$ cat data-v1.pdb   # PDB, C-alpha atoms and all ligand atoms
MODEL        1
ATOM      1  CA  MET A   1       0.000   0.000   0.000
ATOM      2  CA  THR A   2       1.287   3.481  -0.827
ATOM      3  CA  THR A   3       1.344   6.230   1.774
ATOM      4  CA  GLU A   4      -1.443   7.953  -0.139
ATOM      5  CA  SER A   5      -3.666   4.877  -0.157
ATOM      6  CA  VAL A   6      -3.060   4.318   3.551
ATOM      7  CA  ARG A   7      -4.046   7.920   4.141
ATOM      8  CA  SER A   8      -7.196   7.662   2.091
ATOM      9  CA  ALA A   9      -8.247   4.671   4.206
ATOM     10  CA  LEU A  10      -7.876   6.647   7.439
ATOM     11  CA  PRO A  11     -10.642   8.712   9.026
ATOM     12  CA  ALA A  12     -10.272  12.378   8.057
ATOM     13  CA  ALA A  13      -9.412  13.335  11.631
ATOM     14  CA  LEU A  14      -6.359  11.067  11.657
ATOM     15  CA  THR A  15      -5.293  12.126   8.180
ATOM     16  CA  GLU A  16      -5.181  15.745   9.333
ATOM     17  CA  VAL A  17      -2.893  14.831  12.199
ATOM     18  CA  SER A  18      -0.667  12.584  10.095
ATOM     19  CA  SER A  19      -0.306  15.244   7.418
ATOM     20  CA  GLY A  20       0.759  17.762  10.040
ATOM     21  CA  ARG A  21      -2.429  19.842   9.834
ATOM     22  CA  THR A  22      -3.782  20.358  13.291
ATOM     23  CA  GLU A  23      -7.050  22.104  12.583
ATOM     24  CA  LEU A  24      -9.366  21.903  15.531
ATOM     25  CA  ALA A  25     -12.861  20.470  15.151
ATOM     26  CA  ALA A  26     -14.214  23.361  17.227
ATOM     27  CA  SER A  27     -12.867  26.018  19.553
ATOM     28  CA  THR A  28     -13.626  29.167  21.486
ATOM     29  CA  ARG A  29     -11.297  32.087  22.079
ATOM     30  CA  HIS A  30     -11.991  34.392  25.006
ATOM     31  CA  ALA A  31     -15.688  33.585  24.727
ATOM     32  CA  CYS A  32     -17.984  35.806  26.791
ATOM     33  CA  LYS A  33     -21.740  35.652  26.940
ATOM     34  CA  ILE A  34     -23.813  38.128  28.918
ATOM     35  CA  TYR A  35     -27.571  37.723  29.045
ATOM     36  CA  GLY A  36     -29.586  40.881  29.644
ATOM     37  CA  SER A  37     -28.115  44.247  30.599
ATOM     38  CA  GLY A  38     -27.742  46.670  33.476
ATOM     39  CA  ASP A  39     -28.808  45.410  36.899
ATOM     40  CA  THR A  40     -30.227  42.179  35.493
ATOM     41  CA  ALA A  41     -27.147  41.216  33.401
ATOM     42  CA  VAL A  42     -25.973  37.617  33.899
ATOM     43  CA  THR A  43     -22.464  36.597  32.816
ATOM     44  CA  ALA A  44     -22.980  33.043  31.579
ATOM     45  CA  LEU A  45     -19.540  32.661  29.934
ATOM     46  CA  ASP A  46     -16.534  34.545  31.252
ATOM     47  CA  ASP A  47     -13.470  34.388  28.981
ATOM     48  CA  VAL A  48     -13.683  30.736  27.937
ATOM     49  CA  SER A  49     -10.929  29.509  25.607
ATOM     50  CA  LEU A  50     -11.376  25.869  24.658
ATOM     51  CA  GLU A  51      -9.828  23.686  21.946
ATOM     52  CA  LEU A  52     -11.592  20.556  20.737
ATOM     53  CA  PRO A  53      -9.338  18.407  18.546
ATOM     54  CA  PRO A  54     -10.919  16.107  15.963
ATOM     55  CA  GLY A  55     -11.550  12.455  16.733
ATOM     56  CA  ARG A  56     -11.902  13.003  20.486
ATOM     57  CA  PHE A  57     -14.697  12.612  23.010
ATOM     58  CA  THR A  58     -14.964  15.608  25.362
ATOM     59  CA  ALA A  59     -17.365  15.944  28.297
ATOM     60  CA  ILE A  60     -18.396  19.286  29.744
ATOM     61  CA  MET A  61     -19.400  19.267  33.392
ATOM     62  CA  GLY A  62     -20.136  21.794  36.109
ATOM     63  CA  PRO A  63     -22.716  22.756  38.693
ATOM     64  CA  SER A  64     -26.180  23.885  37.614
ATOM     65  CA  GLY A  65     -25.996  27.355  36.069
ATOM     66  CA  SER A  66     -22.244  27.139  35.399
ATOM     67  CA  GLY A  67     -22.680  27.810  31.677
ATOM     68  CA  LYS A  68     -22.540  24.332  30.105
ATOM     69  CA  SER A  69     -25.593  24.753  27.867
ATOM     70  CA  THR A  70     -24.597  28.284  26.930
ATOM     71  CA  LEU A  71     -21.120  27.094  25.910
ATOM     72  CA  MET A  72     -22.522  24.246  23.837
ATOM     73  CA  HIS A  73     -25.142  26.475  22.197
ATOM     74  CA  CYS A  74     -22.563  29.131  21.297
ATOM     75  CA  LEU A  75     -20.102  26.510  19.979
ATOM     76  CA  ALA A  76     -22.853  24.961  17.870
ATOM     77  CA  GLY A  77     -24.057  28.257  16.396
ATOM     78  CA  LEU A  78     -27.419  28.043  18.176
ATOM     79  CA  ASP A  79     -26.649  31.207  20.127
ATOM     80  CA  THR A  80     -24.150  34.050  19.643
ATOM     81  CA  LEU A  81     -21.387  35.308  21.928
ATOM     82  CA  THR A  82     -21.293  38.795  23.414
ATOM     83  CA  SER A  83     -17.542  38.909  22.678
ATOM     84  CA  GLY A  84     -14.749  36.537  21.716
ATOM     85  CA  GLN A  85     -14.941  33.849  19.063
ATOM     86  CA  ALA A  86     -16.569  30.472  18.528
ATOM     87  CA  LEU A  87     -15.178  28.480  15.608
ATOM     88  CA  ILE A  88     -16.132  25.284  13.808
ATOM     89  CA  GLY A  89     -12.936  24.190  12.104
ATOM     90  CA  GLY A  90     -11.504  27.470  10.859
ATOM     91  CA  THR A  91     -14.895  29.157  10.485
ATOM     92  CA  ASP A  92     -15.725  31.949  12.940
ATOM     93  CA  LEU A  93     -19.472  31.573  13.492
ATOM     94  CA  ALA A  94     -19.866  35.338  13.951
ATOM     95  CA  SER A  95     -18.677  35.861  10.375
ATOM     96  CA  LEU A  96     -21.713  33.970   9.042
ATOM     97  CA  THR A  97     -25.233  35.187   8.419
ATOM     98  CA  GLU A  98     -28.053  33.431  10.291
ATOM     99  CA  LYS A  99     -28.849  31.505   7.110
ATOM    100  CA  GLN A 100     -25.207  30.430   6.668
ATOM    101  CA  ARG A 101     -25.125  29.301  10.323
ATOM    102  CA  THR A 102     -28.249  27.215   9.723
ATOM    103  CA  ILE A 103     -26.594  25.556   6.725
ATOM    104  CA  LEU A 104     -23.366  24.972   8.686
ATOM    105  CA  ARG A 105     -25.350  23.311  11.498
ATOM    106  CA  ARG A 106     -27.172  21.138   8.998
ATOM    107  CA  ASP A 107     -24.115  20.119   6.991
ATOM    108  CA  ARG A 108     -21.283  20.029   9.533
ATOM    109  CA  LEU A 109     -22.795  19.410  12.966
ATOM    110  CA  GLY A 110     -24.852  16.671  14.577
ATOM    111  CA  PHE A 111     -27.122  17.021  17.616
ATOM    112  CA  VAL A 112     -28.339  14.538  20.210
ATOM    113  CA  PHE A 113     -30.720  15.709  22.942
ATOM    114  CA  GLN A 114     -31.977  14.237  26.190
ATOM    115  CA  SER A 115     -35.433  13.738  24.675
ATOM    116  CA  PHE A 116     -34.768  11.768  21.542
ATOM    117  CA  ASN A 117     -36.710  14.161  19.258
ATOM    118  CA  LEU A 118     -37.697  11.483  16.750
ATOM    119  CA  LEU A 119     -40.760  11.889  14.551
ATOM    120  CA  SER A 120     -43.295   9.291  15.636
ATOM    121  CA  THR A 121     -44.865   8.773  12.199
ATOM    122  CA  LEU A 122     -41.545   7.931  10.512
ATOM    123  CA  THR A 123     -39.581   4.693  10.669
ATOM    124  CA  ALA A 124     -36.143   4.603  12.287
ATOM    125  CA  GLU A 125     -34.495   4.735   8.858
ATOM    126  CA  GLU A 126     -36.659   7.662   7.727
ATOM    127  CA  ASN A 127     -35.803   9.522  10.932
ATOM    128  CA  ILE A 128     -32.090   8.951  10.329
ATOM    129  CA  THR A 129     -32.160  10.078   6.710
ATOM    130  CA  LEU A 130     -34.586  12.991   7.233
ATOM    131  CA  PRO A 131     -31.903  15.715   7.581
ATOM    132  CA  ALA A 132     -30.223  14.576   4.358
ATOM    133  CA  ASP A 133     -33.616  14.315   2.629
ATOM    134  CA  LEU A 134     -34.516  17.847   3.708
ATOM    135  CA  ALA A 135     -31.156  19.062   2.394
ATOM    136  CA  GLY A 136     -31.926  17.380  -0.944
ATOM    137  CA  ARG A 137     -29.044  14.933  -0.611
ATOM    138  CA  ASP A 138     -28.880  11.171  -0.810
ATOM    139  CA  PRO A 139     -27.241   9.791   2.317
ATOM    140  CA  ASP A 140     -24.196   7.656   1.534
ATOM    141  CA  PRO A 141     -25.572   4.078   1.749
ATOM    142  CA  ALA A 142     -22.233   2.609   2.885
ATOM    143  CA  TRP A 143     -21.922   5.158   5.711
ATOM    144  CA  LEU A 144     -25.570   4.599   6.721
ATOM    145  CA  GLU A 145     -24.899   0.874   6.964
ATOM    146  CA  THR A 146     -21.655   1.415   8.898
ATOM    147  CA  VAL A 147     -23.405   3.676  11.400
ATOM    148  CA  VAL A 148     -26.513   1.551  12.010
ATOM    149  CA  THR A 149     -24.376  -1.589  12.296
ATOM    150  CA  LYS A 150     -22.022   0.143  14.729
ATOM    151  CA  LEU A 151     -25.024   1.300  16.810
ATOM    152  CA  ASN A 152     -26.599  -2.170  16.644
ATOM    153  CA  ILE A 153     -29.914  -0.963  15.195
ATOM    154  CA  ALA A 154     -29.627  -2.413  11.683
ATOM    155  CA  ASP A 155     -32.535  -4.796  12.339
ATOM    156  CA  ARG A 156     -34.736  -1.984  13.681
ATOM    157  CA  MET A 157     -34.750   0.240  10.601
ATOM    158  CA  ALA A 158     -38.387  -0.472   9.619
ATOM    159  CA  HIS A 159     -39.754   0.157  13.135
ATOM    160  CA  ARG A 160     -41.372   3.353  14.361
ATOM    161  CA  PRO A 161     -40.058   5.002  17.568
ATOM    162  CA  SER A 162     -42.993   3.649  19.655
ATOM    163  CA  GLU A 163     -41.815   0.122  18.761
ATOM    164  CA  LEU A 164     -38.284   0.770  20.058
ATOM    165  CA  SER A 165     -36.850   0.881  23.583
ATOM    166  CA  GLY A 166     -35.593   4.208  24.923
ATOM    167  CA  GLY A 167     -32.007   3.116  24.361
ATOM    168  CA  GLN A 168     -32.736   2.095  20.773
ATOM    169  CA  GLN A 169     -34.533   5.396  20.125
ATOM    170  CA  GLN A 170     -31.530   7.316  21.392
ATOM    171  CA  ARG A 171     -29.236   5.243  19.172
ATOM    172  CA  VAL A 172     -31.454   6.162  16.205
ATOM    173  CA  ALA A 173     -30.994   9.801  17.260
ATOM    174  CA  VAL A 174     -27.208   9.267  17.351
ATOM    175  CA  ALA A 175     -27.321   7.697  13.879
ATOM    176  CA  ARG A 176     -29.324  10.708  12.636
ATOM    177  CA  ALA A 177     -26.651  12.999  14.103
ATOM    178  CA  LEU A 178     -23.877  11.025  12.363
ATOM    179  CA  ILE A 179     -25.462  10.621   8.947
ATOM    180  CA  SER A 180     -23.843  13.725   7.429
ATOM    181  CA  GLN A 181     -20.415  12.659   8.784
ATOM    182  CA  PRO A 182     -20.389  15.861  10.834
ATOM    183  CA  ASP A 183     -17.293  17.685  12.052
ATOM    184  CA  VAL A 184     -18.714  17.581  15.599
ATOM    185  CA  VAL A 185     -21.589  15.803  17.324
ATOM    186  CA  PHE A 186     -23.016  17.836  20.227
ATOM    187  CA  ALA A 187     -24.798  15.678  22.797
ATOM    188  CA  ASP A 188     -26.785  17.472  25.530
ATOM    189  CA  GLU A 189     -27.428  15.086  28.453
ATOM    190  CA  PRO A 190     -27.880  12.183  25.995
ATOM    191  CA  THR A 191     -28.367   9.631  28.767
ATOM    192  CA  GLY A 192     -30.649  11.822  30.889
ATOM    193  CA  ALA A 193     -33.806   9.912  29.958
ATOM    194  CA  LEU A 194     -32.287   6.410  29.940
ATOM    195  CA  ASP A 195     -32.070   3.774  32.671
ATOM    196  CA  SER A 196     -28.595   2.786  33.802
ATOM    197  CA  ARG A 197     -28.246  -0.231  31.490
ATOM    198  CA  ALA A 198     -29.341   1.739  28.406
ATOM    199  CA  SER A 199     -27.103   4.651  29.493
ATOM    200  CA  THR A 200     -24.067   2.390  29.712
ATOM    201  CA  GLU A 201     -24.855   0.926  26.296
ATOM    202  CA  LEU A 202     -25.299   4.352  24.718
ATOM    203  CA  LEU A 203     -22.018   5.616  26.187
ATOM    204  CA  ARG A 204     -20.174   2.561  24.844
ATOM    205  CA  PHE A 205     -21.631   3.285  21.418
ATOM    206  CA  LEU A 206     -20.636   6.958  21.613
ATOM    207  CA  ARG A 207     -17.143   5.839  22.628
ATOM    208  CA  SER A 208     -16.947   3.511  19.637
ATOM    209  CA  VAL A 209     -18.114   6.093  17.093
ATOM    210  CA  VAL A 210     -15.131   8.137  18.258
ATOM    211  CA  ASP A 211     -12.648   5.229  18.414
ATOM    212  CA  ASP A 212     -13.751   3.264  15.363
ATOM    213  CA  LEU A 213     -15.332   5.865  13.087
ATOM    214  CA  GLY A 214     -13.085   8.831  13.941
ATOM    215  CA  GLN A 215     -16.019  11.067  14.895
ATOM    216  CA  THR A 216     -15.752  14.022  17.313
ATOM    217  CA  VAL A 217     -18.204  14.120  20.230
ATOM    218  CA  VAL A 218     -18.840  16.874  22.768
ATOM    219  CA  MET A 219     -21.209  15.900  25.567
ATOM    220  CA  VAL A 220     -22.758  17.959  28.366
ATOM    221  CA  THR A 221     -23.570  15.751  31.333
ATOM    222  CA  HIS A 222     -24.292  15.877  35.055
ATOM    223  CA  ASP A 223     -23.308  12.236  35.447
ATOM    224  CA  PRO A 224     -19.689  11.537  36.534
ATOM    225  CA  GLY A 225     -20.055   7.960  35.298
ATOM    226  CA  ALA A 226     -20.999   9.221  31.836
ATOM    227  CA  ALA A 227     -18.152  11.749  31.800
ATOM    228  CA  ALA A 228     -15.701   8.919  32.539
ATOM    229  CA  TYR A 229     -16.319   7.559  29.010
ATOM    230  CA  ALA A 230     -14.803  10.718  27.525
ATOM    231  CA  ASP A 231     -11.129  11.298  26.679
ATOM    232  CA  ARG A 232     -11.220  14.568  28.550
ATOM    233  CA  VAL A 233     -13.540  16.371  30.947
ATOM    234  CA  VAL A 234     -13.705  20.171  31.062
ATOM    235  CA  PHE A 235     -15.170  21.628  34.263
ATOM    236  CA  LEU A 236     -17.028  24.940  34.319
ATOM    237  CA  ALA A 237     -17.959  27.053  37.345
ATOM    238  CA  ASP A 238     -19.502  30.518  37.160
ATOM    239  CA  GLY A 239     -18.981  30.619  33.411
ATOM    240  CA  ALA A 240     -15.228  29.889  33.455
ATOM    241  CA  ILE A 241     -13.130  26.760  32.896
ATOM    242  CA  VAL A 242     -11.829  25.887  36.351
ATOM    243  CA  ASP A 243     -10.396  22.397  35.840
ATOM    244  CA  GLU A 244      -9.731  19.641  33.273
ATOM    245  CA  LEU A 245      -9.092  15.911  33.400
ATOM    246  CA  ASP A 246      -7.550  13.684  30.734
ATOM    247  CA  ASP A 247      -8.438   9.969  30.787
ATOM    248  CA  PRO A 248     -10.981  10.595  33.549
ATOM    249  CA  SER A 249     -12.264   8.036  36.014
ATOM    250  CA  LYS A 250     -15.617   8.368  37.753
ATOM    251  CA  GLU A 251     -13.865   8.801  41.099
ATOM    252  CA  ARG A 252     -11.637  11.639  39.912
ATOM    253  CA  VAL A 253     -14.604  13.378  38.256
ATOM    254  CA  LEU A 254     -16.626  12.993  41.463
ATOM    255  CA  ALA A 255     -13.791  14.467  43.518
ATOM    256  CA  ILE A 256     -13.610  17.588  41.336
ATOM    257  CA  MET A 257     -17.416  17.958  41.203
ATOM    258  CA  GLY A 258     -17.440  17.649  45.008
ATOM    259  CA  ARG A 259     -15.028  20.565  45.244
ATOM    260  CA  LEU A 260     -17.147  22.614  42.821
ATOM    261  CA  GLY A 261     -20.313  21.896  44.754
ATOM    262  CA  GLY A 262     -22.029  20.198  41.813
TER     263      GLY A 262
HETATM  264  N1  LIG B 301     -31.841  33.108  28.062
HETATM  265  C1  LIG B 301     -31.279  33.443  29.235
HETATM  266  N2  LIG B 301     -31.537  34.652  29.789
HETATM  267  C2  LIG B 301     -30.960  35.014  30.954
HETATM  268  N3  LIG B 301     -30.111  34.236  31.652
HETATM  269  C3  LIG B 301     -29.835  33.027  31.145
HETATM  270  C4  LIG B 301     -30.397  32.566  29.928
HETATM  271  N4  LIG B 301     -29.935  31.308  29.683
HETATM  272  C5  LIG B 301     -29.117  31.015  30.715
HETATM  273  N5  LIG B 301     -29.050  32.032  31.581
HETATM  274  C6  LIG B 301     -28.226  32.112  32.800
HETATM  275  O1  LIG B 301     -26.879  31.884  32.425
HETATM  276  C7  LIG B 301     -26.218  31.057  33.371
HETATM  277  C8  LIG B 301     -25.688  29.786  32.716
HETATM  278  O2  LIG B 301     -26.804  29.010  32.285
HETATM  279  P1  LIG B 301     -26.646  27.598  31.551
HETATM  280  O3  LIG B 301     -28.026  27.140  31.194
HETATM  281  O4  LIG B 301     -25.660  27.751  30.443
HETATM  282  O5  LIG B 301     -26.015  26.706  32.703
HETATM  283  P2  LIG B 301     -25.887  25.114  32.785
HETATM  284  O6  LIG B 301     -24.560  24.845  33.371
HETATM  285  O7  LIG B 301     -26.199  24.499  31.456
HETATM  286  O8  LIG B 301     -27.047  24.770  33.823
HETATM  287  P3  LIG B 301     -27.877  23.399  34.055
HETATM  288  O9  LIG B 301     -26.880  22.363  34.474
HETATM  289  O10 LIG B 301     -28.811  23.755  35.164
HETATM  290  O11 LIG B 301     -28.573  23.078  32.770
HETATM  291  C9  LIG B 301     -27.234  30.797  34.496
HETATM  292  O12 LIG B 301     -27.036  31.758  35.494
HETATM  293  C10 LIG B 301     -28.558  31.014  33.788
HETATM  294  O13 LIG B 301     -29.543  31.417  34.720
ENDMDL
END

$ encode --input "data-v1.pdb" --output "structure tokens" --more "lines below"
Ligand SMILES: Nc1ncnc2c1ncn2[C@@H]1O[C@H](COP(=O)(O)OP(=O)(O)OP(=O)(O)O)[C@@H](O)[C@H]1O
Amino acid sequence: MTTESVRSALPAALTEVSSGRTELAASTRHACKIYGSGDTAVTALDDVSLELPPGRFTAIMGPSGSGKSTLMHCLAGLDTLTSGQALIGGTDLASLTEKQRTILRRDRLGFVFQSFNLLSTLTAEENITLPADLAGRDPDPAWLETVVTKLNIADRMAHRPSELSGGQQQRVAVARALISQPDVVFADEPTGALDSRASTELLRFLRSVVDDLGQTVVMVTHDPGAAAYADRVVFLADGAIVDELDDPSKERVLAIMGRLGG
């Protein structure tokens, strides 16, 4: 095999590293977000600089009100910063019009929410391919098969959400998020509505879409056990990054959360 053919067989994230390009999947620089003004102003993000490399699984934790959702929403172009920058790859989201941000979200980002947000009248497969259908694109059949096989839902494609367990529904939601081969998947409390067995399963699947498919996942969670599946945990308090852990364990996450009062 030539170097080029080896490269073309690698996930894009790895190719970028091996070719010496170190573009980040997403990042913020001195991100500040203030809601309201005057006496009622709330500083939700206070000078947050964060780098999210491709092909990694990052968890964001912190006490209630620490700014986790605000950070994720600003990184994902669902909300705008008061100052500083939020970038997807090399694209500063503030440089885009609202319409361009909508297209970037559709084409380059994936979203998984606590409530699975599947359409009840559509089959699992139709739910997964809906974003591509709406964008007027045919989903890549090989990638669709890879994703549904990886998530162990290949035999559930003809079922409607009401005929699936909660864990299976959330895996359909993950497949929908992955179908465009996004630069980043943003998961907001993805295990919040699942029992502990289904949560563990979902986290293993998220781990494997990072390890085996080279995808980039950013997850907000309150659950130290869930955060322990990530490569790195970033801790927020009062809108600022106050700690970080690489290769986290549940115990080490719990210890930091204990200190932060979460
Ligand atoms: N639309 C808004 N208007 C005013 N204040 C807001 C708004 N959204 C969030 N906030 C405030 O900004 C701060 C950060 O909120 P955020 O929802 O980002 O925290 P969080 O860490 O996600 O909280 P939780 O864990 O409870 O979901 C809080 O003080 C919150 O009250």

$ axis_aligned_box --input "data-v1.pdb" --around "ligand LIG 301 (chain B)" --padding-each-side "6 Å" --output "AutoDock Vina command-line options"
--center_x -28.2 --center_y 28.7 --center_z 31.8 --size_x 19.3 --size_y 24.7 --size_z 19.4

$ residues_near_ligand --input "data-v1.pdb" --ligand "ligand LIG 301 (chain B)" --cutoff "12 Å" --atoms "only C-alpha atoms and all ligand atoms" --output "MDAnalysis selection string"
chainID A and resid 32:37 40:46 60:75 78:80 114 188:189 192 219:223 235:241 262

$ resolve_selection --input "data-v1.pdb" --expression "the PyMOL selection byres (((chain A and resi 30) around 9) and not hetatm)" --output "CSV table (one decimal) with C-alpha atoms, in the coordinates of the input"
chain,number,residue,atom,x,y,z
A,28,THR,CA,-13.6,29.2,21.5
A,29,ARG,CA,-11.3,32.1,22.1
A,31,ALA,CA,-15.7,33.6,24.7
A,32,CYS,CA,-18.0,35.8,26.8
A,46,ASP,CA,-16.5,34.5,31.3
A,47,ASP,CA,-13.5,34.4,29.0
A,48,VAL,CA,-13.7,30.7,27.9
A,49,SER,CA,-10.9,29.5,25.6
A,50,LEU,CA,-11.4,25.9,24.7
A,83,SER,CA,-17.5,38.9,22.7
A,84,GLY,CA,-14.7,36.5,21.7
A,85,GLN,CA,-14.9,33.8,19.1
A,86,ALA,CA,-16.6,30.5,18.5

$ residues_around --input "data-v1.pdb" --residues "Glu23 (chain A)" --least-positions-apart "6" --cutoff "8 Å" --atoms "all atoms listed in the file" --output "NGL selection string"
:A and (16 or 53-54 or 89-90)

$ resolve_selection --input "data-v1.pdb" --expression "the PyMOL selection byres (((chain A and resi 140-148) around 12) and not hetatm)" --output "number ranges by chain"
A: 124-126, 128-129, 132-133, 137-139, 149-157, 168, 171-182, 205-206, 208-210, 212-215

$ write_last_selection --input "data-v1.pdb" --atoms "C-alpha atoms" --output "mmCIF file, keeping the file's coordinate frame"
data_model
loop_
_atom_site.group_PDB
_atom_site.id
_atom_site.type_symbol
_atom_site.label_atom_id
_atom_site.label_comp_id
_atom_site.auth_asym_id
_atom_site.auth_seq_id
_atom_site.Cartn_x
_atom_site.Cartn_y
_atom_site.Cartn_z
ATOM 1 C CA ALA A 124 -36.143 4.603 12.287
ATOM 2 C CA GLU A 125 -34.495 4.735 8.858
ATOM 3 C CA GLU A 126 -36.659 7.662 7.727
ATOM 4 C CA ILE A 128 -32.090 8.951 10.329
ATOM 5 C CA THR A 129 -32.160 10.078 6.710
ATOM 6 C CA ALA A 132 -30.223 14.576 4.358
ATOM 7 C CA ASP A 133 -33.616 14.315 2.629
ATOM 8 C CA ARG A 137 -29.044 14.933 -0.611
ATOM 9 C CA ASP A 138 -28.880 11.171 -0.810
ATOM 10 C CA PRO A 139 -27.241 9.791 2.317
ATOM 11 C CA THR A 149 -24.376 -1.589 12.296
ATOM 12 C CA LYS A 150 -22.022 0.143 14.729
ATOM 13 C CA LEU A 151 -25.024 1.300 16.810
ATOM 14 C CA ASN A 152 -26.599 -2.170 16.644
ATOM 15 C CA ILE A 153 -29.914 -0.963 15.195
ATOM 16 C CA ALA A 154 -29.627 -2.413 11.683
ATOM 17 C CA ASP A 155 -32.535 -4.796 12.339
ATOM 18 C CA ARG A 156 -34.736 -1.984 13.681
ATOM 19 C CA MET A 157 -34.750 0.240 10.601
ATOM 20 C CA GLN A 168 -32.736 2.095 20.773
ATOM 21 C CA ARG A 171 -29.236 5.243 19.172
ATOM 22 C CA VAL A 172 -31.454 6.162 16.205
ATOM 23 C CA ALA A 173 -30.994 9.801 17.260
ATOM 24 C CA VAL A 174 -27.208 9.267 17.351
ATOM 25 C CA ALA A 175 -27.321 7.697 13.879
ATOM 26 C CA ARG A 176 -29.324 10.708 12.636
ATOM 27 C CA ALA A 177 -26.651 12.999 14.103
ATOM 28 C CA LEU A 178 -23.877 11.025 12.363
ATOM 29 C CA ILE A 179 -25.462 10.621 8.947
ATOM 30 C CA SER A 180 -23.843 13.725 7.429
ATOM 31 C CA GLN A 181 -20.415 12.659 8.784
ATOM 32 C CA PRO A 182 -20.389 15.861 10.834
ATOM 33 C CA PHE A 205 -21.631 3.285 21.418
ATOM 34 C CA LEU A 206 -20.636 6.958 21.613
ATOM 35 C CA SER A 208 -16.947 3.511 19.637
ATOM 36 C CA VAL A 209 -18.114 6.093 17.093
ATOM 37 C CA VAL A 210 -15.131 8.137 18.258
ATOM 38 C CA ASP A 212 -13.751 3.264 15.363
ATOM 39 C CA LEU A 213 -15.332 5.865 13.087
ATOM 40 C CA GLY A 214 -13.085 8.831 13.941
ATOM 41 C CA GLN A 215 -16.019 11.067 14.895
#

$ atom_distance --input "data-v1.pdb" --atom1 "CA of Asp231 (chain A)" --atom2 "CA of Ser165 (chain A)"
27.9 Å

$ resolve_selection --input "data-v1.pdb" --expression "the PyMOL selection byres (((chain A and resi 115) around 9) and not hetatm)" --output "NGL selection string"
:A and (112-114 or 116-118 or 170 or 189-190 or 192-193)

$ residues_near_point --input "data-v1.pdb" --point "(-9.8, 25.0, 17.8)" --cutoff "6 Å" --atoms "all atoms listed in the file" --output "list in words"
Leu24, Ala26, Ser27, Glu51 and Leu52 of chain A

$ residues_near_point --input "data-v1.pdb" --point "(-14.3, 9.9, 30.8)" --cutoff "10 Å" --atoms "all atoms listed in the file" --output "list of chain:residue names"
A:Phe57, A:Thr58, A:Ala59, A:Leu203, A:Arg207, A:Pro224, A:Gly225, A:Ala226, A:Ala227, A:Ala228, A:Tyr229, A:Ala230, A:Asp231, A:Arg232, A:Val233, A:Leu245, A:Asp246, A:Asp247, A:Pro248, A:Ser249, A:Lys250, A:Arg252, A:Val253

$ residues_around --input "data-v1.pdb" --residues "Val185 (chain A)" --least-positions-apart "3" --cutoff "7 Å" --atoms "all atoms listed in the file" --output "list in words"
Leu109, Gly110, Phe111, Ala177, Pro182, Thr216, Val217 and Val218 of chain A

$ write_last_selection --input "data-v1.pdb" --atoms "C-alpha atoms" --output "PDB file, in the frame of the given file"
ATOM      1  CA  LEU A 109     -22.795  19.410  12.966  1.00  0.00           C
ATOM      2  CA  GLY A 110     -24.852  16.671  14.577  1.00  0.00           C
ATOM      3  CA  PHE A 111     -27.122  17.021  17.616  1.00  0.00           C
ATOM      4  CA  ALA A 177     -26.651  12.999  14.103  1.00  0.00           C
ATOM      5  CA  PRO A 182     -20.389  15.861  10.834  1.00  0.00           C
ATOM      6  CA  THR A 216     -15.752  14.022  17.313  1.00  0.00           C
ATOM      7  CA  VAL A 217     -18.204  14.120  20.230  1.00  0.00           C
ATOM      8  CA  VAL A 218     -18.840  16.874  22.768  1.00  0.00           C
TER       9      VAL A 218
END

$ atom_distance --input "data-v1.pdb" --atom1 "CA of Arg106 (chain A)" --atom2 "CA of Asp92 (chain A)"
16.2 Å

$ atom_distance --input "data-v1.pdb" --atom1 "CA of Arg56 (chain A)" --atom2 "CA of Asp211 (chain A)"
8.1 Å

$ closest_residue --input "data-v1.pdb" --among "A:Ser162, A:Ser95, A:Thr102, A:Thr123" --to "Ala135 (chain A)" --atoms "only C-alpha atoms"
A:Thr102

$ closest_residue --input "data-v1.pdb" --among "A:Gly77, A:Val234, A:Leu134, A:Ser120" --to "Gln100 (chain A)" --atoms "all atoms listed in the file"
A:Gly77
